[in-house]
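Asker: Please find coords-v8.cif (mmCIF, C-alpha atoms) on the next line:
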```cif
data_model
#
loop_
_atom_site.label_atom_id
_atom_site.label_comp_id
_atom_site.auth_asym_id
_atom_site.auth_seq_id
_atom_site.Cartn_x
_atom_site.Cartn_y
_atom_site.Cartn_z
CA MET A 1420 0.00 0.00 0.00
CA LYS A 1421 1.26 3.45 -0.92
CA SER A 1422 2.16 5.99 1.74
CA ILE A 1423 0.43 9.37 1.89
CA LYS A 1424 3.62 10.98 0.56
CA GLU A 1425 3.68 8.59 -2.42
CA ILE A 1426 0.03 9.36 -3.20
CA LEU A 1427 0.67 13.11 -2.94
CA TYR A 1428 3.77 12.83 -5.14
CA ASP A 1429 1.84 10.80 -7.74
CA HIS A 1430 -0.90 13.44 -7.74
CA CYS A 1431 1.69 16.18 -8.35
CA GLN A 1432 3.24 14.14 -11.17
CA GLN A 1433 -0.17 13.65 -12.78
CA PHE A 1434 -0.88 17.39 -12.43
CA VAL A 1435 2.33 18.27 -14.33
CA GLU A 1436 1.79 15.58 -17.00
CA GLU A 1437 -1.78 16.78 -17.68
CA ARG A 1438 -0.59 20.37 -17.86
CA LEU A 1439 2.19 19.46 -20.30
CA ASN A 1440 -0.25 17.46 -22.44
CA ARG A 1441 -2.73 20.37 -22.58
CA ILE A 1442 0.05 22.79 -23.56
CA HIS A 1443 1.42 20.45 -26.27
CA HIS A 1444 -2.10 19.97 -27.63
CA ARG A 1445 -2.59 23.76 -27.69
CA MET A 1446 0.74 24.26 -29.49
CA ASN A 1447 -0.19 21.68 -32.14
CA SER A 1448 -3.56 23.37 -32.59
CA ILE A 1449 -1.89 26.77 -33.05
CA GLN A 1450 0.59 25.29 -35.53
CA GLU A 1451 -2.27 23.77 -37.54
CA SER A 1452 -4.07 27.12 -37.53
CA LEU A 1453 -0.92 28.91 -38.68
CA THR A 1454 -0.53 26.42 -41.51
CA SER A 1455 -4.13 26.87 -42.63
CA GLU A 1456 -3.84 30.69 -42.32
CA THR A 1457 -0.92 30.55 -44.74
CA LYS A 1458 -3.09 28.75 -47.29
CA SER A 1459 -6.07 31.13 -46.89
CA THR A 1460 -6.68 34.56 -48.35
CA ALA A 1461 -4.09 37.31 -48.32
CA GLY A 1462 -4.51 40.85 -47.06
CA ASP A 1463 -4.95 42.68 -43.74
CA LYS A 1464 -7.30 40.08 -42.26
CA HIS A 1465 -4.74 37.37 -43.04
CA GLU A 1466 -1.89 39.33 -41.41
CA THR A 1467 -3.96 40.09 -38.30
CA GLY A 1468 -4.89 36.43 -37.94
CA ARG A 1469 -1.28 35.33 -38.24
CA ALA A 1470 -0.12 37.96 -35.74
CA MET A 1471 -2.74 36.81 -33.22
CA LEU A 1472 -1.67 33.18 -33.65
CA GLN A 1473 2.00 34.11 -33.25
CA LEU A 1474 1.20 35.90 -29.97
CA GLU A 1475 -0.79 32.87 -28.81
CA ARG A 1476 2.14 30.61 -29.70
CA GLU A 1477 4.54 32.80 -27.69
CA LYS A 1478 2.20 32.78 -24.68
CA THR A 1479 1.87 29.00 -24.92
CA GLY A 1480 5.68 28.73 -25.13
CA VAL A 1481 5.96 30.61 -21.81
CA GLN A 1482 3.40 28.24 -20.26
CA LEU A 1483 5.39 25.27 -21.54
CA SER A 1484 8.56 26.66 -19.99
CA GLU A 1485 6.79 27.11 -16.63
CA ALA A 1486 5.39 23.55 -16.75
CA LYS A 1487 8.87 22.19 -17.52
CA LYS A 1488 10.23 24.07 -14.48
CA LEU A 1489 7.55 22.42 -12.30
CA ASN A 1490 8.58 19.05 -13.71
CA GLU A 1491 12.22 19.82 -12.92
CA ILE A 1492 11.41 20.79 -9.32
CA LEU A 1493 9.29 17.67 -8.93
CA SER A 1494 12.19 15.52 -10.11
CA LYS A 1495 14.22 16.86 -7.15
CA VAL A 1496 11.56 15.93 -4.58
CA ASP A 1497 12.79 13.10 -2.39
CA ILE A 1498 9.87 11.42 -0.62
CA SER A 1499 12.00 8.56 0.74
CA SER A 1500 14.07 10.79 2.99
CA ASN A 1501 12.79 11.15 6.55
CA SER A 1502 14.28 14.15 8.28
CA SER A 1503 13.36 16.05 11.39
CA VAL A 1504 13.85 19.25 9.37
CA ALA A 1505 11.22 20.33 6.81
CA HIS A 1506 12.66 20.13 3.28
CA LEU A 1507 11.57 19.59 -0.33
CA GLY A 1508 9.58 16.34 -0.16
CA SER A 1509 8.51 16.66 3.49
CA LEU A 1510 4.94 16.20 4.67
CA VAL A 1511 4.49 18.76 7.43
CA THR A 1512 1.54 18.55 9.81
CA THR A 1513 0.78 21.82 11.56
CA SER A 1514 -1.92 23.10 13.88
CA THR A 1515 -3.55 24.77 10.84
CA GLY A 1516 -3.11 22.17 8.09
CA ASN A 1517 -1.09 19.48 6.33
CA TYR A 1518 1.50 20.60 3.79
CA PHE A 1519 3.44 18.59 1.21
CA LEU A 1520 6.52 20.61 0.24
CA SER A 1521 6.83 20.03 -3.49
CA ILE A 1522 5.11 22.11 -6.19
CA SER A 1523 2.04 24.31 -5.97
CA VAL A 1524 -0.89 22.08 -6.87
CA GLY A 1525 -3.31 23.12 -4.15
CA GLU A 1526 -5.61 20.98 -2.04
CA ILE A 1527 -5.55 17.20 -2.38
CA ILE A 1528 -8.04 15.12 -0.39
CA ILE A 1529 -6.94 11.63 0.70
CA ASP A 1530 -9.25 9.56 2.92
CA LYS A 1531 -11.26 12.69 3.78
CA VAL A 1532 -8.12 14.51 4.99
CA ALA A 1533 -7.00 17.71 3.24
CA TYR A 1534 -3.36 18.11 2.23
CA PHE A 1535 -1.91 21.11 0.44
CA ALA A 1536 0.83 20.52 -2.13
CA ILE A 1537 2.81 23.76 -2.02
CA GLY A 1538 6.03 25.08 -3.49
CA ILE A 1539 8.90 25.97 -1.18
CA ASN A 1540 8.93 29.45 -2.72
CA THR A 1541 5.35 30.19 -1.58
CA PRO A 1542 4.82 32.29 1.57
CA ILE A 1543 3.81 29.28 3.72
CA GLY A 1544 6.48 27.12 2.06
CA LYS A 1545 9.17 29.63 3.03
CA MET A 1546 7.86 29.66 6.61
CA LEU A 1547 7.94 25.84 6.89
CA LEU A 1548 11.26 25.19 5.15
CA GLY A 1549 14.05 24.39 7.60
CA LYS A 1550 11.73 24.24 10.63
CA THR A 1551 11.51 21.32 13.08
CA VAL A 1552 8.71 19.78 15.15
CA GLY A 1553 7.57 22.19 17.85
CA ALA A 1554 8.57 25.28 15.88
CA ARG A 1555 6.05 28.12 16.11
CA PHE A 1556 5.47 31.02 13.77
CA LEU A 1557 2.82 33.54 12.82
CA PHE A 1558 1.19 33.14 9.39
CA ASN A 1559 -1.78 35.18 8.14
CA GLY A 1560 -2.48 36.33 11.68
CA LYS A 1561 -2.59 32.77 13.05
CA ASN A 1562 -0.17 31.10 15.42
CA VAL A 1563 1.07 27.95 13.71
CA VAL A 1564 2.81 25.05 15.46
CA ILE A 1565 4.59 22.27 13.57
CA GLU A 1566 3.26 19.01 15.02
CA HIS A 1567 4.87 16.38 12.80
CA ILE A 1568 7.32 16.10 9.89
CA ASP A 1569 7.44 13.01 7.69
#
```
Spell out the structure here as structure tokens.
Answerer:
Amino acid sequence: MKSIKEILYDHCQQFVEERLNRIHHRMNSIQESLTSETKSTAGDKHETGRAMLQLEREKTGVQLSEAKKLNEILSKVDISSNSSVAHLGSLVTTSTGNYFLSISVGEIIIDKVAYFAIGINTPIGKMLLGKTVGARFLFNGKNVVIEHID
């Protein structure tokens, strides 16, 4: 049976794969549209259409780059390492919630328990990183206590 960390990691992996697939599909669609624009009528309408598609392709390229960065960060997540210090790959239980330090995916529900997959560069991620069990800090006006690190 998979551990909670393995399930969370798999969910993050699936999130990135789906995002990459959507972006690749969008890029192919834009390329097909550009090809068909080339074969259609000439003139101002044609040039405007091509310019819009080029902008869309550039925007999609930026999204692809961001998704690849997420994939790269995820490849550095080590869920097998158990440390008493919160690090990339840790599952941190606090008085206010459960956090999986990996990439920002958001809330993941497992067996009716909410976990938040967050990046270490997020505000709460920065607060948790490097902390140990019993550490206390103030976040969004709430006192937070780290109860467990896995």
Asker: Excluding stretch 1446-1457 of chain A and residues on its chain fewer than 3 positions from it, collect all residues at most 9 Å away from it, counting all atoms listed in the file, and give them as JSON, numbers by chain.
Answerer: {"A": [1441, 1442, 1443, 1460, 1461, 1465, 1466, 1468, 1469, 1472, 1473, 1475, 1476, 1479, 1480]}
Asker: Using only C-alpha atoms, which residues of stretch 1488-1540 of chain A come within 8 Å of stretch 1430-1434 of chain A, and what is the closest atom pair for each, with the distance in Å to one decimal? Give it as a Markdown table, sorted by chain and residue number.
Answerer:
```
| residue | atom | partner | partner_atom | distance |
| --- | --- | --- | --- | --- |
| A:Asn1490 | CA | A:Gln1432 | CA | 7.7 |
| A:Leu1493 | CA | A:Gln1432 | CA | 7.4 |
| A:Ile1522 | CA | A:Cys1431 | CA | 7.2 |
| A:Val1524 | CA | A:Cys1431 | CA | 6.6 |
| A:Ala1536 | CA | A:Cys1431 | CA | 7.6 |
```
Asker: Could you save the residues just selected, with C-alpha atoms, as a PDB file, in the coordinates of the input?
Answerer:
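The new file part_37.pdb reads:
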```pdb
ATOM      1  CA  ASN A1490       8.580  19.050 -13.710  1.00  0.00           C
ATOM      2  CA  LEU A1493       9.290  17.670  -8.930  1.00  0.00           C
ATOM      3  CA  ILE A1522       5.110  22.110  -6.190  1.00  0.00           C
ATOM      4  CA  VAL A1524      -0.890  22.080  -6.870  1.00  0.00           C
ATOM      5  CA  ALA A1536       0.830  20.520  -2.130  1.00  0.00           C
TER       6      ALA A1536
END
```
Asker: Using all atoms listed in the file for the distances, tell me which of A:His1567, A:Lys1478, A:Lys1561, A:Lys1424 is nearest to A:Val1496.
Answerer: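 Under the stated criterion, the closest residue is A:Lys1424.
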Asker: Restricting the calculation to only C-alpha atoms, which member of A:Lys1550, A:Lys1487, A:Lys1545, A:Lys1531 is positioned closest to A:Ser1503?
Answerer: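 Smallest separation from A:Ser1503 among the options: A:Lys1550.
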Asker: Ranking A:Thr1541, A:Thr1551, A:Ser1484, A:Ser1523 by minimum distance to A:His1506 and counting all atoms listed in the file, which one comes first?
Answerer: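 That would be A:Thr1551, the residue with the smallest distance to A:His1506.
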Asker: Which residue is closest to A:Asp1429? Choose from A:Ile1527, A:Ala1505, A:Val1511, A:Leu1474 and count all atoms listed in the file.
Answerer: A:Ile1527
Asker: Apply the PyMOL selection byres ((chain A and resi 1425) around 12) to the displayed file and report the matching residues as a PDB file with C-alpha atoms, in the frame of the given file.
Answerer:
```
ATOM      1  CA  MET A1420       0.000   0.000   0.000  1.00  0.00           C
ATOM      2  CA  LYS A1421       1.260   3.450  -0.920  1.00  0.00           C
ATOM      3  CA  SER A1422       2.160   5.990   1.740  1.00  0.00           C
ATOM      4  CA  ILE A1423       0.430   9.370   1.890  1.00  0.00           C
ATOM      5  CA  LYS A1424       3.620  10.980   0.560  1.00  0.00           C
ATOM      6  CA  ILE A1426       0.030   9.360  -3.200  1.00  0.00           C
ATOM      7  CA  LEU A1427       0.670  13.110  -2.940  1.00  0.00           C
ATOM      8  CA  TYR A1428       3.770  12.830  -5.140  1.00  0.00           C
ATOM      9  CA  ASP A1429       1.840  10.800  -7.740  1.00  0.00           C
ATOM     10  CA  HIS A1430      -0.900  13.440  -7.740  1.00  0.00           C
ATOM     11  CA  CYS A1431       1.690  16.180  -8.350  1.00  0.00           C
ATOM     12  CA  GLN A1432       3.240  14.140 -11.170  1.00  0.00           C
ATOM     13  CA  VAL A1496      11.560  15.930  -4.580  1.00  0.00           C
ATOM     14  CA  ASP A1497      12.790  13.100  -2.390  1.00  0.00           C
ATOM     15  CA  ILE A1498       9.870  11.420  -0.620  1.00  0.00           C
ATOM     16  CA  SER A1499      12.000   8.560   0.740  1.00  0.00           C
ATOM     17  CA  SER A1500      14.070  10.790   2.990  1.00  0.00           C
ATOM     18  CA  GLY A1508       9.580  16.340  -0.160  1.00  0.00           C
ATOM     19  CA  SER A1509       8.510  16.660   3.490  1.00  0.00           C
ATOM     20  CA  LEU A1510       4.940  16.200   4.670  1.00  0.00           C
ATOM     21  CA  PHE A1519       3.440  18.590   1.210  1.00  0.00           C
ATOM     22  CA  SER A1521       6.830  20.030  -3.490  1.00  0.00           C
ATOM     23  CA  ILE A1529      -6.940  11.630   0.700  1.00  0.00           C
ATOM     24  CA  ASP A1569       7.440  13.010   7.690  1.00  0.00           C
TER      25      ASP A1569
END
```
Asker: How many Å separate atom CA of A:Ile1565 from atom CA of A:Val1504?
Answerer: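 Those two atoms sit 10.6 Å apart.
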Asker: Hey, can you pull every residue with an atom no more than 7 Å from (3.0, 16.4, 14.1), using all atoms listed in the file, and send it as an MDAnalysis selection string?
Answerer: chainID A and resid 1512:1513 1552 1565:1568
Asker: One decimal, Å: what's the distance from atom CA of A:Gly1544 over to atom CA of A:Lys1495, could you say?
Answerer: 15.8 Å
Asker: Which of these residues is nearest to A:Glu1491, using only C-alpha atoms: A:Val1435, A:Arg1445, A:Gly1516, A:Ala1470?
Answerer: A:Val1435
Asker: How far is it from atom CA of A:Leu1547 to atom CA of A:Gly1525, in Å with one decimal?
Answerer: 16.0 Å
